[in-house]
$ cat upload_10.tsv   # TSV, C-alpha atoms
chain	number	residue	atom	x	y	z
A	1	MET	CA	73.23	-2.87	294.20
A	2	THR	CA	74.13	-1.69	297.67
A	3	GLU	CA	72.19	1.16	299.27
A	4	LYS	CA	75.20	3.42	298.72
A	5	GLU	CA	75.31	2.54	295.00
A	6	VAL	CA	71.58	3.17	294.64
A	7	TYR	CA	71.94	6.48	296.48
A	8	ASP	CA	74.78	7.63	294.22
A	9	LYS	CA	72.87	6.64	291.10
A	10	VAL	CA	69.72	8.45	292.27
A	11	ILE	CA	71.78	11.56	293.03
A	12	ASP	CA	73.23	11.43	289.49
A	13	LEU	CA	69.77	11.09	287.95
A	14	ILE	CA	68.33	13.97	289.97
A	15	ALA	CA	71.34	16.23	289.40
A	16	GLU	CA	71.08	15.69	285.64
A	17	ARG	CA	67.29	15.97	285.41
A	18	PHE	CA	66.84	19.00	287.66
A	19	GLU	CA	70.17	20.65	286.79
A	20	VAL	CA	71.38	20.78	290.38
A	21	GLU	CA	74.91	20.39	291.72
A	22	PRO	CA	75.17	16.85	293.19
A	23	ALA	CA	76.88	18.34	296.25
A	24	LYS	CA	73.72	20.28	297.05
A	25	LEU	CA	71.58	17.14	297.20
A	26	MET	CA	71.14	15.12	300.36
A	27	ALA	CA	68.96	12.31	301.67
A	28	THR	CA	66.45	14.76	303.11
A	29	THR	CA	66.08	16.78	299.89
A	30	ASN	CA	62.38	16.96	299.05
A	31	ILE	CA	62.00	16.49	295.30
A	32	LYS	CA	58.75	18.40	294.99
A	33	ASN	CA	59.43	21.26	297.38
A	34	ASP	CA	63.20	21.73	297.25
A	35	LEU	CA	63.61	21.10	293.53
A	36	ALA	CA	60.31	22.75	292.50
A	37	ALA	CA	59.26	19.64	290.59
A	38	ASP	CA	55.74	19.76	289.17
A	39	SER	CA	53.56	16.77	288.28
A	40	ILE	CA	55.17	16.29	284.85
A	41	ASP	CA	58.68	16.39	286.33
A	42	LEU	CA	57.65	13.80	288.91
A	43	VAL	CA	56.15	11.38	286.38
A	44	GLU	CA	59.21	11.72	284.15
A	45	PHE	CA	61.42	11.04	287.15
A	46	VAL	CA	59.46	7.92	288.15
A	47	LEU	CA	59.69	6.61	284.56
A	48	GLU	CA	63.42	7.25	284.58
A	49	LEU	CA	63.74	5.32	287.84
A	50	GLU	CA	61.86	2.42	286.24
A	51	ASP	CA	64.13	2.50	283.17
A	52	THR	CA	67.27	2.69	285.30
A	53	PHE	CA	66.50	0.19	288.04
A	54	GLY	CA	63.91	-2.02	286.31
A	55	GLY	CA	60.46	-2.98	287.51
A	56	GLU	CA	57.40	-0.79	287.79
A	57	ILE	CA	56.59	1.70	290.52
A	58	PRO	CA	52.80	1.74	291.05
A	59	ASP	CA	51.20	5.20	291.13
A	60	ASP	CA	50.14	4.92	294.78
A	61	GLU	CA	53.73	4.04	295.76
A	62	ALA	CA	55.17	6.79	293.55
A	63	GLU	CA	53.06	9.35	295.38
A	64	LYS	CA	54.87	8.49	298.63
A	65	LEU	CA	58.33	9.16	297.20
A	66	ASN	CA	58.89	12.63	298.61
A	67	THR	CA	62.57	12.73	299.54
A	68	ILE	CA	65.70	11.22	298.03
A	69	ASP	CA	65.83	8.90	301.02
A	70	ASP	CA	62.27	7.67	300.24
A	71	VAL	CA	63.35	6.89	296.67
A	72	VAL	CA	66.52	5.05	297.70
A	73	LYS	CA	64.73	2.99	300.37
A	74	TYR	CA	61.96	2.04	297.91
A	75	ILE	CA	64.42	0.92	295.23
A	76	VAL	CA	66.57	-1.07	297.66
A	77	ALA	CA	63.48	-2.80	299.09
A	78	HIS	CA	62.17	-3.72	295.62
A	79	GLN	CA	65.39	-4.89	293.98
A	80	ASN	CA	65.20	-8.32	292.36
B	1	MET	CA	61.09	7.79	256.52
B	2	LYS	CA	59.01	5.53	258.71
B	3	ILE	CA	55.85	6.65	260.51
B	4	ALA	CA	54.39	4.75	263.48
B	5	VAL	CA	50.60	4.82	263.29
B	6	ASP	CA	48.16	4.39	266.16
B	7	ALA	CA	45.64	2.49	264.04
B	8	MET	CA	43.05	2.17	266.83
B	9	GLY	CA	42.72	5.83	267.88
B	10	GLY	CA	39.78	7.95	266.69
B	11	ASP	CA	36.02	7.76	266.28
B	12	HIS	CA	36.14	5.78	263.02
B	13	ALA	CA	39.27	3.74	263.65
B	14	PRO	CA	40.73	1.61	262.30
B	15	ALA	CA	38.90	1.99	258.94
B	16	VAL	CA	39.53	5.71	258.38
B	17	VAL	CA	43.14	5.42	259.57
B	18	VAL	CA	43.94	2.53	257.22
B	19	LYS	CA	42.23	4.22	254.28
B	20	GLY	CA	44.16	7.45	254.86
B	21	VAL	CA	47.47	5.68	255.40
B	22	GLU	CA	47.07	3.73	252.15
B	23	GLN	CA	46.32	6.92	250.24
B	24	ALA	CA	49.36	8.62	251.79
B	25	ARG	CA	51.53	5.59	251.00
B	26	ASP	CA	50.40	5.75	247.34
B	27	GLN	CA	51.04	9.50	247.21
B	28	TRP	CA	54.56	9.53	248.75
B	29	PRO	CA	56.88	6.69	247.71
B	30	ASP	CA	59.46	7.72	250.33
B	31	LEU	CA	57.17	6.84	253.26
B	32	GLU	CA	56.86	3.55	255.14
B	33	PHE	CA	54.31	2.84	257.87
B	34	VAL	CA	54.15	0.63	260.94
B	35	LEU	CA	50.54	0.22	262.02
B	36	PHE	CA	49.89	-0.69	265.65
B	37	GLY	CA	46.48	-2.20	266.30
B	38	ASP	CA	44.31	-5.27	266.58
B	39	VAL	CA	45.56	-7.29	263.59
B	40	ALA	CA	42.23	-9.16	263.30
B	41	GLN	CA	40.47	-5.84	262.75
B	42	VAL	CA	43.13	-3.98	260.79
B	43	LYS	CA	44.44	-6.62	258.36
B	44	PRO	CA	41.14	-7.18	256.47
B	45	LEU	CA	40.95	-3.41	255.81
B	46	ILE	CA	44.33	-3.26	254.06
B	47	LYS	CA	44.12	-3.46	250.28
B	48	ASP	CA	47.85	-3.47	249.56
B	49	GLU	CA	50.51	-4.30	252.15
B	50	GLN	CA	53.29	-2.54	250.25
B	51	ARG	CA	55.37	-0.42	252.67
B	52	LEU	CA	52.97	-1.25	255.52
B	53	THR	CA	53.93	-3.36	258.53
B	54	LEU	CA	51.32	-4.50	260.99
B	55	VAL	CA	52.11	-4.96	264.69
B	56	GLN	CA	49.64	-6.47	267.15
B	57	SER	CA	48.63	-4.32	270.12
B	58	ASN	CA	46.24	-5.70	272.69
B	59	SER	CA	44.56	-2.63	274.14
B	60	VAL	CA	43.32	0.81	273.17
B	61	ILE	CA	43.49	4.08	275.08
B	62	THR	CA	39.98	5.51	274.93
B	63	ASN	CA	38.78	9.08	275.36
B	64	GLU	CA	37.50	8.12	278.81
B	65	ASP	CA	40.95	7.05	280.04
B	66	GLU	CA	42.88	9.39	282.33
B	67	PRO	CA	45.91	10.30	280.16
B	68	VAL	CA	48.92	9.81	282.44
B	69	LYS	CA	47.47	6.72	284.10
B	70	ALA	CA	46.59	5.22	280.71
B	71	VAL	CA	50.09	5.75	279.33
B	72	ARG	CA	51.57	4.06	282.40
B	73	SER	CA	49.11	1.20	282.65
B	74	LYS	CA	48.31	0.45	279.00
B	75	LYS	CA	51.78	-0.24	277.70
B	76	ASP	CA	50.33	-2.74	275.22
B	77	SER	CA	48.04	-0.11	273.66
B	78	SER	CA	48.36	0.93	270.03
B	79	MET	CA	49.33	4.49	271.01
B	80	VAL	CA	52.00	3.64	273.56
B	81	MET	CA	53.48	0.88	271.38
B	82	ALA	CA	53.68	3.29	268.44
B	83	ALA	CA	55.48	5.82	270.65
B	84	GLN	CA	57.80	3.12	271.97
B	85	ALA	CA	58.75	2.30	268.37
B	86	VAL	CA	59.76	5.93	267.89
B	87	LYS	CA	61.70	5.93	271.15
B	88	ASN	CA	63.56	2.76	270.11
B	89	GLY	CA	64.43	4.17	266.70
B	90	ALA	CA	62.20	1.73	264.79
B	91	ALA	CA	60.14	4.68	263.49
B	92	ASP	CA	60.76	8.39	262.98
B	93	ALA	CA	57.40	9.94	263.95
B	94	ILE	CA	53.99	9.06	265.36
B	95	PHE	CA	50.52	9.72	263.97
B	96	SER	CA	47.35	9.32	266.04
B	97	MET	CA	43.69	10.31	266.03
B	98	GLY	CA	43.20	9.15	269.62
B	99	ASN	CA	42.89	10.70	273.09
B	100	THR	CA	44.70	14.08	272.90
B	101	GLY	CA	45.76	14.15	276.55
B	102	ALA	CA	47.13	10.62	276.33
B	103	LEU	CA	49.05	11.47	273.15
B	104	LEU	CA	50.58	14.48	274.90
B	105	ALA	CA	51.54	12.30	277.87
B	106	THR	CA	52.90	9.63	275.50
B	107	GLY	CA	54.97	12.23	273.68
B	108	ILE	CA	56.38	13.67	276.88
B	109	PHE	CA	56.87	10.49	278.89
B	110	VAL	CA	57.70	7.89	276.23
B	111	ILE	CA	59.39	9.83	273.44
B	112	GLY	CA	60.74	12.47	275.80
B	113	ARG	CA	61.32	16.20	275.79
B	114	ILE	CA	64.00	17.93	273.76
B	115	LYS	CA	66.82	19.00	276.08
B	116	GLY	CA	66.30	22.71	276.69
B	117	ILE	CA	62.53	22.61	276.21
B	118	ASP	CA	60.92	22.77	279.63
B	119	ARG	CA	57.40	21.95	278.44
B	120	PRO	CA	56.21	20.86	274.98
B	121	ALA	CA	53.29	22.73	273.44
B	122	LEU	CA	50.36	21.70	271.25
B	123	MET	CA	50.25	23.58	267.98
B	124	PRO	CA	47.32	23.39	265.54
B	125	THR	CA	47.32	25.14	262.16
B	126	LEU	CA	44.27	27.36	261.79
B	127	PRO	CA	42.67	29.00	258.74
B	128	SER	CA	43.21	32.71	258.12
B	129	VAL	CA	41.07	35.50	256.73
B	130	ASP	CA	43.44	35.36	253.74
B	131	PRO	CA	42.50	32.15	251.89
B	132	ASP	CA	46.14	31.59	250.91
B	133	LYS	CA	47.43	31.74	254.47
B	134	VAL	CA	47.14	29.88	257.77
B	135	VAL	CA	48.20	30.66	261.33
B	136	ASN	CA	49.83	28.48	263.97
B	137	LEU	CA	48.73	28.80	267.59
B	138	LEU	CA	50.80	27.42	270.45
B	139	ASP	CA	50.25	26.39	273.18
B	140	ALA	CA	46.68	25.30	272.46
B	141	GLY	CA	46.32	23.44	275.74
B	142	ALA	CA	49.14	21.04	276.56
B	143	ASN	CA	49.97	23.09	279.68
B	144	ALA	CA	47.53	24.40	282.25
B	145	GLU	CA	50.25	26.54	283.83
B	146	SER	CA	52.93	28.42	281.94
B	147	LYS	CA	56.13	30.30	282.76
B	148	PRO	CA	57.76	33.10	280.70
B	149	ASN	CA	60.62	30.94	279.42
B	150	TYR	CA	58.13	28.30	278.20
B	151	LEU	CA	56.46	30.87	275.96
B	152	GLU	CA	59.78	32.07	274.57
B	153	GLN	CA	60.73	28.47	273.80
B	154	TRP	CA	57.36	27.95	272.06
B	155	ALA	CA	57.83	31.14	270.02
B	156	LEU	CA	61.19	29.84	268.85
B	157	MET	CA	59.79	26.42	267.89
B	158	GLY	CA	56.79	27.98	266.15
B	159	SER	CA	59.12	30.27	264.22
B	160	ILE	CA	61.33	27.38	263.06
B	161	TYR	CA	58.23	25.40	262.05
B	162	ALA	CA	56.72	28.29	260.08
B	163	ARG	CA	60.05	28.94	258.39
B	164	ASP	CA	60.77	25.33	257.41
B	165	ILE	CA	57.35	23.82	256.87
B	166	ARG	CA	55.41	26.84	255.63
B	167	GLY	CA	58.34	28.44	253.82
B	168	ILE	CA	58.02	31.87	255.45
B	169	LYS	CA	61.43	33.54	255.51
B	170	GLU	CA	60.88	35.61	258.66
B	171	PRO	CA	57.69	34.40	260.33
B	172	ARG	CA	55.74	37.08	262.19
B	173	ILE	CA	55.43	36.06	265.84
B	174	ALA	CA	52.74	37.60	268.05
B	175	LEU	CA	51.73	37.15	271.67
B	176	LEU	CA	48.06	36.49	272.45
B	177	ASN	CA	47.12	39.11	275.03
B	178	ASN	CA	44.22	41.22	276.26
B	179	GLY	CA	45.33	44.32	274.37
B	180	THR	CA	47.91	45.38	271.81
B	181	GLU	CA	49.95	47.82	273.92
B	182	TYR	CA	53.28	46.52	275.24
B	183	ASP	CA	52.25	46.81	278.91
B	184	LYS	CA	48.99	44.86	278.56
B	185	GLY	CA	48.30	41.66	280.43
B	186	ASP	CA	49.40	40.18	283.72
B	187	SER	CA	53.03	39.93	284.85
B	188	LEU	CA	53.52	36.70	282.86
B	189	HIS	CA	52.47	38.30	279.57
B	190	GLN	CA	54.40	41.50	280.26
B	191	GLU	CA	57.58	39.53	280.86
B	192	VAL	CA	56.98	37.36	277.79
B	193	TYR	CA	56.51	40.51	275.68
B	194	GLN	CA	59.91	41.79	276.82
B	195	ARG	CA	61.58	38.44	276.18
B	196	LEU	CA	60.14	38.05	272.67
B	197	GLN	CA	61.06	41.62	271.77
B	198	ALA	CA	64.62	41.15	273.03
B	199	ASN	CA	65.20	37.87	271.17
B	200	PRO	CA	67.13	38.76	267.96
B	201	ASN	CA	66.14	35.48	266.31
B	202	LEU	CA	62.41	36.22	266.44
B	203	ASN	CA	60.45	38.58	264.21
B	204	PHE	CA	58.17	39.68	267.05
B	205	VAL	CA	55.31	41.89	265.88
B	206	GLY	CA	53.73	42.54	269.29
B	207	ASN	CA	50.53	41.59	271.04
B	208	VAL	CA	47.43	40.35	269.28
B	209	GLU	CA	43.93	40.18	270.72
B	210	ALA	CA	41.76	37.05	270.47
B	211	GLY	CA	39.43	38.76	268.01
B	212	ASN	CA	42.30	39.01	265.54
B	213	LEU	CA	43.46	35.41	265.94
B	214	LEU	CA	42.54	34.55	262.32
B	215	ASN	CA	42.99	38.04	260.90
B	216	ASP	CA	46.45	37.56	259.37
B	217	GLN	CA	48.22	39.69	261.97
B	218	ALA	CA	50.88	37.05	262.54
B	219	ASP	CA	52.12	33.72	261.18
B	220	VAL	CA	52.57	32.22	264.64
B	221	ILE	CA	50.64	33.25	267.75
B	222	VAL	CA	52.10	32.31	271.10
B	223	SER	CA	49.85	31.89	274.10
B	224	ASP	CA	49.90	30.43	277.58
B	225	GLY	CA	48.29	26.98	277.41
B	226	PHE	CA	45.20	27.83	279.42
B	227	THR	CA	44.25	30.90	277.35
B	228	GLY	CA	45.25	29.25	274.07
B	229	ASN	CA	42.92	26.36	274.74
B	230	ALA	CA	40.02	28.58	275.79
B	231	VAL	CA	40.44	30.84	272.74
B	232	LEU	CA	40.71	27.89	270.35
B	233	LYS	CA	37.59	26.22	271.76
B	234	ALA	CA	35.66	29.51	271.68
B	235	THR	CA	36.68	30.08	268.06
B	236	GLU	CA	35.72	26.56	267.01
B	237	GLY	CA	32.45	26.80	268.93
B	238	MET	CA	31.55	30.14	267.39
B	239	ALA	CA	32.33	28.91	263.85
B	240	SER	CA	30.19	25.83	264.37
B	241	LEU	CA	27.34	27.86	265.89
B	242	LEU	CA	27.43	30.37	263.07
B	243	MET	CA	27.27	27.68	260.37
B	244	LYS	CA	24.31	26.06	262.16
B	245	GLN	CA	22.51	29.38	262.50
B	246	ILE	CA	23.03	30.24	258.82
B	247	LYS	CA	21.79	26.81	257.77
B	248	HIS	CA	18.76	27.13	260.02
B	249	ALA	CA	17.95	30.60	258.69
B	250	LEU	CA	18.25	29.46	255.08
B	251	LEU	CA	16.04	26.42	255.52
B	252	ASN	CA	13.32	28.00	257.66
B	253	ASN	CA	12.44	31.25	255.92
B	254	GLY	CA	10.27	30.23	253.03
B	255	THR	CA	10.72	28.94	249.52
B	256	LYS	CA	12.46	32.03	248.12
B	257	VAL	CA	15.20	31.84	250.73
B	258	LYS	CA	15.53	28.10	250.13
B	259	LEU	CA	16.03	28.76	246.43
B	260	GLY	CA	18.63	31.37	247.25
B	261	ALA	CA	20.33	28.88	249.55
B	262	ALA	CA	20.59	26.40	246.69
B	263	LEU	CA	22.28	29.07	244.57
B	264	ILE	CA	24.88	30.03	247.19
B	265	LYS	CA	25.56	26.46	248.35
B	266	PRO	CA	28.88	26.14	246.46
B	267	ALA	CA	30.22	29.26	248.17
B	268	PHE	CA	29.35	27.83	251.59
B	269	GLY	CA	30.95	24.54	250.60
B	270	ASP	CA	34.16	26.43	249.89
B	271	ILE	CA	34.12	28.08	253.34
B	272	LYS	CA	33.32	24.75	255.00
B	273	ASN	CA	36.28	23.10	253.27
B	274	ARG	CA	38.68	25.82	254.39
B	275	PHE	CA	37.56	25.49	257.98
B	276	SER	CA	37.34	21.70	258.02
B	277	THR	CA	39.66	19.68	260.26
B	278	SER	CA	41.22	18.00	257.22
B	279	ALA	CA	42.25	21.19	255.43
B	280	ASN	CA	45.26	22.23	257.46
B	281	GLY	CA	46.81	19.02	258.81
B	282	GLY	CA	47.00	18.00	262.43
B	283	ALA	CA	48.09	19.51	265.72
B	284	VAL	CA	51.80	19.02	266.42
B	285	LEU	CA	53.20	18.38	269.90
B	286	LEU	CA	56.30	20.56	269.54
B	287	GLY	CA	59.15	20.09	271.99
B	288	VAL	CA	59.54	16.31	272.02
B	289	ASN	CA	62.29	14.31	270.32
B	290	ALA	CA	60.26	13.31	267.24
B	291	PRO	CA	57.22	14.56	265.35
B	292	VAL	CA	54.08	13.66	267.34
B	293	VAL	CA	51.04	14.76	265.36
B	294	LYS	CA	47.36	14.37	266.10
B	295	THR	CA	44.33	14.69	263.85
B	296	HIS	CA	40.85	15.33	265.20
B	297	GLY	CA	39.24	12.02	266.23
B	298	GLY	CA	36.18	12.50	264.05
B	299	SER	CA	38.08	13.42	260.88
B	300	ASP	CA	37.96	11.62	257.54
B	301	GLU	CA	40.75	9.96	255.56
B	302	GLY	CA	41.53	13.30	253.89
B	303	ALA	CA	42.70	14.61	257.27
B	304	VAL	CA	44.84	11.52	257.73
B	305	VAL	CA	46.52	12.15	254.37
B	306	SER	CA	47.13	15.86	254.98
B	307	THR	CA	48.51	15.18	258.46
B	308	ILE	CA	50.85	12.49	257.17
B	309	GLY	CA	51.99	14.97	254.53
B	310	GLN	CA	52.73	17.41	257.32
B	311	ILE	CA	54.75	14.78	259.24
B	312	ARG	CA	56.65	13.98	256.03
B	313	GLU	CA	57.61	17.64	255.66
B	314	MET	CA	58.76	17.79	259.29
B	315	LEU	CA	60.96	14.77	258.70
B	316	ARG	CA	62.30	16.02	255.37
B	317	LYS	CA	63.14	19.44	256.79
B	318	GLN	CA	64.43	17.94	260.06
B	319	THR	CA	62.38	20.42	262.08
B	320	ILE	CA	63.09	18.73	265.41
B	321	HIS	CA	66.80	18.67	264.68
B	322	GLN	CA	66.68	22.39	263.87
B	323	VAL	CA	65.17	23.08	267.31
B	324	ILE	CA	67.74	20.89	269.07
B	325	GLU	CA	70.58	22.57	267.21
B	326	TYR	CA	69.29	26.07	267.98
B	327	LEU	CA	68.90	25.38	271.69
B	328	GLN	CA	72.40	23.95	271.95
B	329	THR	CA	73.86	27.32	271.00
B	330	ASN	CA	71.05	29.60	272.23
B	331	PRO	CA	69.55	28.09	275.39
B	332	ILE	CA	66.37	29.77	276.61
B	333	LYS	CA	66.26	29.71	280.39
$ encode --input "upload_10.tsv" --output "structure tokens"
Amino acid sequence: MTEKEVYDKVIDLIAERFEVEPAKLMATTNIKNDLAADSIDLVEFVLELEDTFGGEIPDDEAEKLNTIDDVVKYIVAHQN
Amino acid sequence: MKIAVDAMGGDHAPAVVVKGVEQARDQWPDLEFVLFGDVAQVKPLIKDEQRLTLVQSNSVITNEDEPVKAVRSKKDSSMVMAAQAVKNGAADAIFSMGNTGALLATGIFVIGRIKGIDRPALMPTLPSVDPDKVVNLLDAGANAESKPNYLEQWALMGSIYARDIRGIKEPRIALLNNGTEYDKGDSLHQEVYQRLQANPNLNFVGNVEAGNLLNDQADVIVSDGFTGNAVLKATEGMASLLMKQIKHALLNNGTKVKLGAALIKPAFGDIKNRFSTSANGGAVLLGVNAPVVKTHGGSDEGAVVSTIGQIREMLRKQTIHQVIEYLQTNPIK
């Protein structure tokens, strides 16, 4: 998948999970602060990323995924 | 109806689990079981393989494991594999006697939340002052932090459960608070009071204090997770302490008292049975897409049977489906 495709998919996932208009999401959106995600939301989101894109995201890496851009860059870098 | 069983969870697993499952299988011909565990340990314990399928799992989540980490790292454990079977549609519900926190995490992260339920809640069934009744308490500790809409969602799920599983036409719902007046409690409890009172689908009977938890003032008591857990533990601790103190007093006050103790022993046995972990089934994680039910880790096979009976009722009455259906037309935000 291209970076653009990954970005669009991540936006779809976040919009659905956090019930936000996709148009309101951008690369700099901070998942924890801007979307008021708590620890359970974050773990669910990481599991959904694993189910959608394959592979496993180690906990120490997951902790660094703050913004949508962080998520997209991580997925693109770890694609098979 | 097929139940996925975590055969390795609990203090006396897998022996107690297998024994209980076999008794439940013999009692209810409409149930099938998939047991997840170490086949080398579990298989020799099975007397009759009718309606039992055994699946090898290579690890166990222990009580020492950190719940979320364990669920993510021990994907080959009996608990996670059982939950995965439910997620994949190979089973309809999960039974476990293992690590409570890990089972909650497994329910939330593997089986998944019901759409419209922000946070699932843990709901045990407790004895009541009336020997013919019980009371459900939720949340008993799945959530350390709670919001008003969570408690309204829990009240709704508790009400549906009490109606369908306990057969109460209009279950009495109360809010655990630090006083009975409507304006008692902090802002969270005050807002929850207003929400529960305004919900036309709930038979809200007001606030209840912790001292009246088991006093038949409600059929379902809703609490924030932190308080619910503290109150439950305090109640269990006090009951246990009281029984120990009575026993000590009866055995250490001379021969006459000992003789008296022998005479009243059956009455104490009756009380002990009513308050035992096996009497009222297990604690349900309400708010996930399938019945996830846990029995106390130190329980006997009787608790396994009663909890499986409870799961069977939830499946027969389609309790989870009732919640999903309700929320589709009456979302609680």
$ closest_atom_pairs --input "upload_10.tsv" --of "chain A" --to "chain B" --cutoff "10 Å" --atoms "only C-alpha atoms" --output "tab-separated table"
residue	atom	partner	partner_atom	distance
A:Arg17	CA	B:Lys115	CA	9.8
A:Ile40	CA	B:Ile108	CA	8.5
A:Asp41	CA	B:Asp118	CA	9.5
A:Val43	CA	B:Phe109	CA	7.6
A:Glu44	CA	B:Phe109	CA	5.9
A:Phe45	CA	B:Phe109	CA	9.4
A:Val46	CA	B:Phe109	CA	10.0
A:Leu47	CA	B:Phe109	CA	7.4
A:Glu48	CA	B:Phe109	CA	9.3
A:Glu56	CA	B:Arg72	CA	9.3
A:Ile57	CA	B:Arg72	CA	9.8
A:Pro58	CA	B:Arg72	CA	9.0
A:Asp59	CA	B:Lys69	CA	8.1
$ closest_residue --input "upload_10.tsv" --among "B:Ile264, B:Val205, B:Ala24, B:Ala279" --to "Asp132 of chain B" --atoms "all atoms listed in the file"
B:Ala279
$ residues_around --input "upload_10.tsv" --residues "Met1 of chain A" --least-positions-apart "4" --cutoff "8 Å" --atoms "all atoms listed in the file" --output "list in words"
Glu5, Val6 and Val76 of chain A
$ closest_residue --input "upload_10.tsv" --among "B:Val60, B:Ala162, B:Leu138, B:Leu263" --to "Asn229 of chain B" --atoms "only C-alpha atoms"
B:Leu138
$ atom_distance --input "upload_10.tsv" --atom1 "atom CA of Gly37 of chain B" --atom2 "atom CA of Leu315 of chain B"
23.6 Å
$ atom_distance --input "upload_10.tsv" --atom1 "atom CA of Ser128 of chain B" --atom2 "atom CA of Asp216 of chain B"
6.0 Å
$ axis_aligned_box --input "upload_10.tsv" --around "segment 109-120 of chain B" --padding-each-side "8 Å" --output "lines of an AutoDock Vina configuration file"
center_x = 61.5
center_y = 15.3
center_z = 276.5
size_x = 26.6
size_y = 30.9
size_z = 22.2
$ atom_distance --input "upload_10.tsv" --atom1 "atom CA of Asp139 of chain B" --atom2 "atom CA of Ala155 of chain B"
9.5 Å
$ residues_around --input "upload_10.tsv" --residues "Met79 of chain B" --least-positions-apart "5" --cutoff "8 Å" --atoms "only C-alpha atoms" --output "PyMOL selection string"
chain B and resi 5-6+8-9+36+60-61+96+98+103+106
$ residues_around --input "upload_10.tsv" --residues "Pro124 of chain B" --least-positions-apart "3" --cutoff "6 Å" --atoms "all atoms listed in the file" --output "ChimeraX atom specification"
/B:136-137,283
$ residues_around --input "upload_10.tsv" --residues "Thr125 of chain B" --least-positions-apart "4" --cutoff "12 Å" --atoms "only C-alpha atoms" --output "PyMOL selection string"
chain B and resi 133-140+158+161-162+165-166+213-214+219-221+232+274-285+293-295+306-307+310
$ closest_residue --input "upload_10.tsv" --among "B:Pro266, B:Gly20, B:Gly141, B:Gly211" --to "Phe95 of chain B" --atoms "only C-alpha atoms"
B:Gly20
$ residues_around --input "upload_10.tsv" --residues "Asn63 of chain B" --least-positions-apart "4" --cutoff "10 Å" --atoms "all atoms listed in the file" --output "VMD selection string"
chain B and resid 9 to 11 67 98 to 102 297
$ decode --input "upload_10.tsv" --residues "segment 12-23 of chain A" --atoms "N, CA, C and O atoms" --output "JSON list (two decimals), in the first residue's frame"
[["chain", "number", "residue", "atom", "x", "y", "z"],
["A", 12, "ASP", "N", -10.12, 6.30, 8.01],
["A", 12, "ASP", "CA", -11.41, 5.58, 8.07],
["A", 12, "ASP", "C", -11.57, 4.86, 9.41],
["A", 12, "ASP", "O", -12.63, 4.92, 10.03],
["A", 13, "LEU", "N", -10.50, 4.18, 9.82],
["A", 13, "LEU", "CA", -10.57, 3.41, 11.07],
["A", 13, "LEU", "C", -10.83, 4.34, 12.26],
["A", 13, "LEU", "O", -11.67, 4.05, 13.12],
["A", 14, "ILE", "N", -10.09, 5.45, 12.30],
["A", 14, "ILE", "CA", -10.22, 6.37, 13.43],
["A", 14, "ILE", "C", -11.60, 7.05, 13.42],
["A", 14, "ILE", "O", -12.25, 7.18, 14.46],
["A", 15, "ALA", "N", -12.06, 7.44, 12.23],
["A", 15, "ALA", "CA", -13.36, 8.11, 12.13],
["A", 15, "ALA", "C", -14.46, 7.19, 12.65],
["A", 15, "ALA", "O", -15.34, 7.61, 13.40],
["A", 16, "GLU", "N", -14.37, 5.91, 12.27],
["A", 16, "GLU", "CA", -15.38, 4.93, 12.69],
["A", 16, "GLU", "C", -15.29, 4.66, 14.20],
["A", 16, "GLU", "O", -16.28, 4.73, 14.92],
["A", 17, "ARG", "N", -14.07, 4.41, 14.67],
["A", 17, "ARG", "CA", -13.88, 4.04, 16.08],
["A", 17, "ARG", "C", -14.22, 5.18, 17.03],
["A", 17, "ARG", "O", -14.85, 4.98, 18.06],
["A", 18, "PHE", "N", -13.77, 6.39, 16.69],
["A", 18, "PHE", "CA", -13.95, 7.51, 17.63],
["A", 18, "PHE", "C", -15.13, 8.41, 17.25],
["A", 18, "PHE", "O", -15.31, 9.47, 17.86],
["A", 19, "GLU", "N", -15.89, 7.96, 16.25],
["A", 19, "GLU", "CA", -17.08, 8.70, 15.81],
["A", 19, "GLU", "C", -16.78, 10.17, 15.53],
["A", 19, "GLU", "O", -17.34, 11.08, 16.14],
["A", 20, "VAL", "N", -15.80, 10.36, 14.64],
["A", 20, "VAL", "CA", -15.38, 11.72, 14.25],
["A", 20, "VAL", "C", -15.55, 11.85, 12.74],
["A", 20, "VAL", "O", -15.38, 10.88, 12.00],
["A", 21, "GLU", "N", -15.90, 13.04, 12.30],
["A", 21, "GLU", "CA", -15.97, 13.30, 10.86],
["A", 21, "GLU", "C", -14.57, 13.15, 10.26],
["A", 21, "GLU", "O", -13.63, 13.79, 10.76],
["A", 22, "PRO", "N", -14.41, 12.35, 9.19],
["A", 22, "PRO", "CA", -13.07, 12.20, 8.59],
["A", 22, "PRO", "C", -12.44, 13.54, 8.23],
["A", 22, "PRO", "O", -11.23, 13.72, 8.35],
["A", 23, "ALA", "N", -13.28, 14.50, 7.82],
["A", 23, "ALA", "CA", -12.75, 15.81, 7.40],
["A", 23, "ALA", "C", -12.06, 16.55, 8.55],
["A", 23, "ALA", "O", -11.23, 17.43, 8.33]]
